[in-house]
Structure formats: C-alpha cells, structure tokens
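Enquirer: Structure provided below as structure tokens; questions to follow.
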Amino acid sequence: MALKRPRLAVFISGFGSNLNIFLENKEKFSSLLVVSSKAEAYGLVRAREHGAPSIVLDKKIDWTTLHSQLIDHEIDGIFLAGFMRIVPASFIEHWKGRLFNLHPSMLPKYKGLKAIEQAVDAKDDVGVSIHHVVPEVDGGEVIMQKLAVGRDELSSLNLEQLTDRVHLAEHQLVQQWIDSMNFFKKD
Ligand code: GRF
C-alpha cells in the first residue's frame, strides 16, 4: 500500500496559528489550499508568505460552488482549524471520512463554543481533540486528543495562561496528526 502525499484544504477564520503548523510541514503535502471565511483573517497573510493558494468565502457561503472548487483543486481531505462557520450536512456527506476538526476540549465533553470556559466552570481537565466532522457539532468520532491543563492545575492559571497552554497543545496535536497521517492511504 503506497502513501500518496495528500492535497489538503485547511479552513480558517482568523489568526491561523494552527494553519501555520500545516504550512511549516508543507513538503508533506502535494498541495495546501487555504479557505478562509474572513477576508481579514491573518491566516491569509501566513498562506501568502508560504506561497499557498487561498480562497476567501462570501459572507453567505455557497457550499456547492466551494465543493466544486475543492474538486477542481483535486483536494483529498479538509481540516477545519479554527473555522467558525457551521458546515451543512450535505457538504459533510460529500467529504465523509475526509473532513476533520480541531476542538479545544477533551471530547465528548464540552462541545460547541467557549469549550475552555465550560471545562473550567466544571473544574475539569482542559484539553484538545481532533475528530471526524458529522452533522452534530463536535459530535464525530475522536481521532486523537491531548491534555493541555489537568484539573489540579486549573487554580494556578488565569484564562489567558490557560488559553496559551491550549494553543500549545493544539499545535502539538496538529503536528502529531500530520506525522501520523494515514487517513489518506491509497492502494
Ligand atoms: C483554536 O483554539 C481552535 O481550537 C478554535 O479556534 C482557535 C483557532 O486558532 N476552534 P488559530 O486561528 O489556529 O490560531
């Protein structure tokens, strides 16, 4: 079974620090396409600096057109890295098994927005997960996860410090996902 270097689309909405991990590993991909829901996203600057092509989505996303653009780019899979828009079920169905998301909690706990705050409020472990995307938000099978801050350490950190630790864990997990990439195996 031969491994082919995949063509990956990374969807973002903002700063793109996780996108940066992909860009720093770009030699492992046949191509990296950046798709942003916001024209002002700093991640687009990062993409330009690395010579990665990008697509900026309209406020009202035309998912059918986007799907065609991804097919035109011969994209094998999609990674949502801080993409702040809900992906419709029909689009998810097209990319079933090839659509991944990064979420800042130890799923299945603390789905949705303000996941870090939800874990803190519950005095629970704060961590990060990469999971398959299904129509239920953050409800898909977990592929890998990493603890960022254990519950015993919570009281010694403020939210900013905690968020920094979460970002660090995210970057490490994304690197781990890239290094163990066997999701796109071809016969
Ligand atoms: C990350 O914390 C991610 O988990 C969340 O949005 C943030 C994106 O950060 N959904 P960045 O744009 O990759 O720096």
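Residues are referred to by chain and number: the chain letter is A, B, ... according to the order shown in the structure tokens, the number counts from 1 in that chain, and ligands are numbered separately from 1 in the order shown.
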Step by step, measure atom-to-atom distances between ligand 1 and each residue using only C-alpha atoms and all ligand atoms, keep those at most 6 Å, then write them as a list in words.
Expert: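 The neighbouring residues of ligand 1 are, in order, Gly14, Phe15, Gly16, Ser17, Asn18, Leu19, Ala81, Gly82, Leu102, His103, Pro104 and His167 of chain A.
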Enquirer: Emit the selected residues as a PDB file, in the first residue's frame, including N, CA and C atoms.
Expert:
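Printed below is part.pdb as written:
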ATOM      1  N   GLY A  14      -9.469  32.996  11.210  1.00  0.00           N
ATOM      2  CA  GLY A  14      -8.788  34.051  11.956  1.00  0.00           C
ATOM      3  C   GLY A  14      -7.283  33.977  11.939  1.00  0.00           C
ATOM      4  N   PHE A  15      -6.701  33.901  13.138  1.00  0.00           N
ATOM      5  CA  PHE A  15      -5.273  34.072  13.341  1.00  0.00           C
ATOM      6  C   PHE A  15      -4.424  33.032  12.601  1.00  0.00           C
ATOM      7  N   GLY A  16      -4.903  31.804  12.585  1.00  0.00           N
ATOM      8  CA  GLY A  16      -4.226  30.783  11.779  1.00  0.00           C
ATOM      9  C   GLY A  16      -2.950  30.214  12.385  1.00  0.00           C
ATOM     10  N   SER A  17      -2.851  30.194  13.718  1.00  0.00           N
ATOM     11  CA  SER A  17      -1.631  29.615  14.310  1.00  0.00           C
ATOM     12  C   SER A  17      -1.582  28.103  14.068  1.00  0.00           C
ATOM     13  N   ASN A  18      -2.738  27.470  14.012  1.00  0.00           N
ATOM     14  CA  ASN A  18      -2.758  26.029  13.688  1.00  0.00           C
ATOM     15  C   ASN A  18      -2.490  25.799  12.202  1.00  0.00           C
ATOM     16  N   LEU A  19      -3.030  26.685  11.369  1.00  0.00           N
ATOM     17  CA  LEU A  19      -2.706  26.635   9.935  1.00  0.00           C
ATOM     18  C   LEU A  19      -1.194  26.684   9.744  1.00  0.00           C
ATOM     19  N   ALA A  81      -9.492  24.288  10.988  1.00  0.00           N
ATOM     20  CA  ALA A  81      -8.574  24.748  12.047  1.00  0.00           C
ATOM     21  C   ALA A  81      -9.007  26.149  12.477  1.00  0.00           C
ATOM     22  N   GLY A  82      -9.968  26.186  13.408  1.00  0.00           N
ATOM     23  CA  GLY A  82     -10.467  27.494  13.831  1.00  0.00           C
ATOM     24  C   GLY A  82     -11.432  28.076  12.812  1.00  0.00           C
ATOM     25  N   LEU A 102     -10.533  20.500  14.633  1.00  0.00           N
ATOM     26  CA  LEU A 102      -9.768  20.660  15.862  1.00  0.00           C
ATOM     27  C   LEU A 102     -10.668  21.372  16.862  1.00  0.00           C
ATOM     28  N   HIS A 103     -10.768  20.815  18.070  1.00  0.00           N
ATOM     29  CA  HIS A 103     -11.676  21.422  19.057  1.00  0.00           C
ATOM     30  C   HIS A 103     -10.982  21.496  20.421  1.00  0.00           C
ATOM     31  N   PRO A 104     -11.098  22.647  21.114  1.00  0.00           N
ATOM     32  CA  PRO A 104     -10.375  22.807  22.377  1.00  0.00           C
ATOM     33  C   PRO A 104     -11.076  22.220  23.597  1.00  0.00           C
ATOM     34  N   HIS A 167      -3.475  26.442  23.190  1.00  0.00           N
ATOM     35  CA  HIS A 167      -2.931  26.633  21.839  1.00  0.00           C
ATOM     36  C   HIS A 167      -1.678  25.784  21.627  1.00  0.00           C
TER      37      HIS A 167
END
Enquirer: Just list as a PyMOL selection string whatever in stretch 9-167 of chain A DSSP marks as strand (DSSP E or B).
Expert: chain A and resi 9-12+31-36+54-56+77-80+99-103+126-132+142-149
Enquirer: Mind the document's chain letters and residue numbers, and return as a PyMOL selection string the residues of stretch 81-123 of chain A that DSSP labels helix (DSSP H, G or I).
Expert: chain A and resi 89-94+115-121
Enquirer: With distances taken over only C-alpha atoms, which of A:His50, A:Ser129, A:Leu113, A:Gln69 is nearest to A:Glu27?
Expert: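 The shortest atom-to-atom distance to A:Glu27 comes from A:His50.
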Enquirer: List the neighbours of A:Pro6 out to 8 Å using only C-alpha atoms; skip same-chain residues closer than 5 positions along the sequence, and give me the result as JSON, numbers by chain.
Expert: {"A": [28, 29, 30, 31, 75, 76, 77, 184]}
Enquirer: Can you tell me, as number ranges by chain, what residues are no more than 7 Å from stretch 173-179 of chain A when counting only C-alpha atoms, ignoring any on the same chain fewer than 3 positions away?
Expert: A: 21, 146, 169-170
Enquirer: Would you mind exporting the chosen residues as an mmCIF file, in the first residue's frame, restricted to all heavy atoms?
Expert:
data_model
loop_
_atom_site.group_PDB
_atom_site.id
_atom_site.type_symbol
_atom_site.label_atom_id
_atom_site.label_comp_id
_atom_site.auth_asym_id
_atom_site.auth_seq_id
_atom_site.Cartn_x
_atom_site.Cartn_y
_atom_site.Cartn_z
ATOM 1 N N ILE A 21 1.128 25.424 11.433
ATOM 2 C CA ILE A 21 1.772 24.109 11.593
ATOM 3 C C ILE A 21 1.712 23.362 10.253
ATOM 4 O O ILE A 21 2.687 22.748 9.835
ATOM 5 C CB ILE A 21 1.092 23.272 12.712
ATOM 6 C CG1 ILE A 21 1.005 24.065 14.027
ATOM 7 C CG2 ILE A 21 1.820 21.935 12.907
ATOM 8 C CD1 ILE A 21 2.333 24.418 14.660
ATOM 9 N N LYS A 146 -5.356 15.392 23.434
ATOM 10 C CA LYS A 146 -4.198 15.676 24.273
ATOM 11 C C LYS A 146 -4.648 16.568 25.426
ATOM 12 O O LYS A 146 -5.380 17.534 25.214
ATOM 13 C CB LYS A 146 -3.157 16.402 23.401
ATOM 14 C CG LYS A 146 -1.854 16.693 24.087
ATOM 15 C CD LYS A 146 -0.861 17.296 23.087
ATOM 16 C CE LYS A 146 0.424 17.699 23.765
ATOM 17 N NZ LYS A 146 1.152 16.589 24.395
ATOM 18 N N ALA A 169 -0.942 22.983 23.105
ATOM 19 C CA ALA A 169 -1.382 21.580 22.955
ATOM 20 C C ALA A 169 -1.992 21.356 21.571
ATOM 21 O O ALA A 169 -1.768 20.310 20.948
ATOM 22 C CB ALA A 169 -2.390 21.225 24.050
ATOM 23 N N GLU A 170 -2.739 22.352 21.067
ATOM 24 C CA GLU A 170 -3.321 22.219 19.721
ATOM 25 C C GLU A 170 -2.223 22.077 18.676
ATOM 26 O O GLU A 170 -2.304 21.211 17.791
ATOM 27 C CB GLU A 170 -4.179 23.449 19.389
ATOM 28 C CG GLU A 170 -5.497 23.470 20.113
ATOM 29 C CD GLU A 170 -6.368 24.633 19.695
ATOM 30 O OE1 GLU A 170 -5.837 25.669 19.264
ATOM 31 O OE2 GLU A 170 -7.590 24.512 19.823
#
Enquirer: Taking only C-alpha atoms into account, which of A:Leu168, A:Leu154, A:Leu66, A:Leu23 comes nearest A:Arg48?
Expert: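 Comparing A:Leu168, A:Leu154, A:Leu66, A:Leu23 against A:Arg48, the winner is A:Leu23.
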Enquirer: Which residue, A:Val142, A:Ser68, A:Asn20, A:Gln172, has the smallest gap to A:Asn101 when you use only C-alpha atoms?
Expert: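 Looking at the shortest contact to A:Asn101, the residue is A:Val142.
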Enquirer: Show which residues sit within 10 Å of A:His94, as an NGL selection string. Count only C-alpha atoms, and ignore same-chain residues fewer than 5 positions away.
Expert: :A and (67 or 89 or 99)
Enquirer: Based on the selection just made, write all heavy atoms of those residues as a compact mmCIF listing (two decimals), in the first residue's frame.
Expert:
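Final output, part21.txt:
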# COMPACT_ATOMS: atom_id res chain seq x y z
N HIS A 67 -17.58 23.28 -2.96
CA HIS A 67 -17.32 21.86 -3.22
C HIS A 67 -16.66 21.69 -4.60
O HIS A 67 -15.67 20.98 -4.75
CB HIS A 67 -18.61 21.06 -3.11
CG HIS A 67 -18.43 19.61 -3.41
ND1 HIS A 67 -17.71 18.77 -2.61
CD2 HIS A 67 -18.84 18.86 -4.47
CE1 HIS A 67 -17.69 17.55 -3.14
NE2 HIS A 67 -18.37 17.60 -4.26
N ALA A 89 -24.91 19.70 6.48
CA ALA A 89 -24.87 18.22 6.41
C ALA A 89 -24.56 17.72 4.99
O ALA A 89 -23.85 16.73 4.83
CB ALA A 89 -26.20 17.66 6.90
N LEU A 99 -12.99 14.69 6.45
CA LEU A 99 -13.24 16.04 6.98
C LEU A 99 -12.99 16.01 8.48
O LEU A 99 -13.62 15.24 9.21
CB LEU A 99 -14.70 16.41 6.65
CG LEU A 99 -15.28 17.72 7.11
CD1 LEU A 99 -14.41 18.90 6.70
CD2 LEU A 99 -16.68 17.90 6.51
Enquirer: For A:Gly139, which residue out of A:Leu107, A:Pro88, A:Ser156, A:Ala115 is the nearest one, using only C-alpha atoms?
Expert: A:Leu107
Enquirer: Pick the closest to A:Gln145 from A:Val128, A:Leu8, A:Leu80, A:Val166: which is it, counting only C-alpha atoms?
Expert: A:Val128
Enquirer: Which of these, A:Asp124, A:Gly140, A:Pro135, A:Ile78, has the shortest distance to A:Pro108 once you count only C-alpha atoms?
Expert: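 Residue with the minimum atom-to-atom distance to A:Pro108: A:Gly140.
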Enquirer: Determine, counting only C-alpha atoms, which protein, DNA and RNA residues have an atom within 10 Å of an atom of A:Thr163; residues of the same chain fewer than 6 positions away are not included. Present the result as a compact mmCIF listing (two decimals) with all heavy atoms, in the first residue's frame.
Expert:
# COMPACT_ATOMS: atom_id res chain seq x y z
N PRO A 104 -11.10 22.65 21.11
CA PRO A 104 -10.37 22.81 22.38
C PRO A 104 -11.08 22.22 23.60
O PRO A 104 -11.38 22.94 24.55
CB PRO A 104 -10.20 24.33 22.49
CG PRO A 104 -11.39 24.88 21.80
CD PRO A 104 -11.75 23.90 20.70
N ILE A 116 -13.30 25.97 26.48
CA ILE A 116 -12.32 26.07 27.58
C ILE A 116 -13.05 26.53 28.84
O ILE A 116 -12.90 25.94 29.93
CB ILE A 116 -11.18 27.05 27.23
CG1 ILE A 116 -10.47 26.60 25.95
CG2 ILE A 116 -10.20 27.19 28.39
CD1 ILE A 116 -9.40 27.57 25.44
N GLU A 117 -13.87 27.57 28.70
CA GLU A 117 -14.63 28.10 29.84
C GLU A 117 -15.56 27.02 30.41
O GLU A 117 -15.72 26.91 31.63
CB GLU A 117 -15.46 29.32 29.42
CG GLU A 117 -14.62 30.57 29.16
CD GLU A 117 -14.11 30.67 27.72
OE1 GLU A 117 -14.00 29.63 27.04
OE2 GLU A 117 -13.80 31.79 27.30
N VAL A 126 -8.65 20.37 30.96
CA VAL A 126 -8.76 21.16 29.73
C VAL A 126 -7.83 20.50 28.70
O VAL A 126 -6.66 20.25 29.00
CB VAL A 126 -8.32 22.62 29.99
CG1 VAL A 126 -8.33 23.42 28.70
CG2 VAL A 126 -9.24 23.27 31.03
N ALA A 148 -4.23 19.48 27.96
CA ALA A 148 -3.46 20.74 27.97
C ALA A 148 -3.15 21.14 29.41
O ALA A 148 -2.01 21.42 29.76
CB ALA A 148 -4.24 21.84 27.26
N VAL A 149 -4.19 21.16 30.25
CA VAL A 149 -4.02 21.51 31.67
C VAL A 149 -4.93 20.59 32.49
O VAL A 149 -6.15 20.56 32.28
CB VAL A 149 -4.43 22.99 31.92
CG1 VAL A 149 -4.31 23.33 33.40
CG2 VAL A 149 -3.57 23.94 31.09
N LEU A 157 -3.74 29.04 37.21
CA LEU A 157 -3.63 29.73 35.92
C LEU A 157 -4.84 30.62 35.66
O LEU A 157 -5.97 30.25 36.00
CB LEU A 157 -3.54 28.70 34.78
CG LEU A 157 -2.38 27.71 34.80
CD1 LEU A 157 -2.57 26.66 33.71
CD2 LEU A 157 -1.05 28.41 34.61
N ALA A 169 -0.94 22.98 23.11
CA ALA A 169 -1.38 21.58 22.95
C ALA A 169 -1.99 21.36 21.57
O ALA A 169 -1.77 20.31 20.95
CB ALA A 169 -2.39 21.23 24.05
Enquirer: What does the distance between atom CA of A:His131 and atom CA of A:Thr64 come to in Å, to one decimal place?
Expert: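 Separation between atom CA of A:His131 and atom CA of A:Thr64: 23.5 Å.
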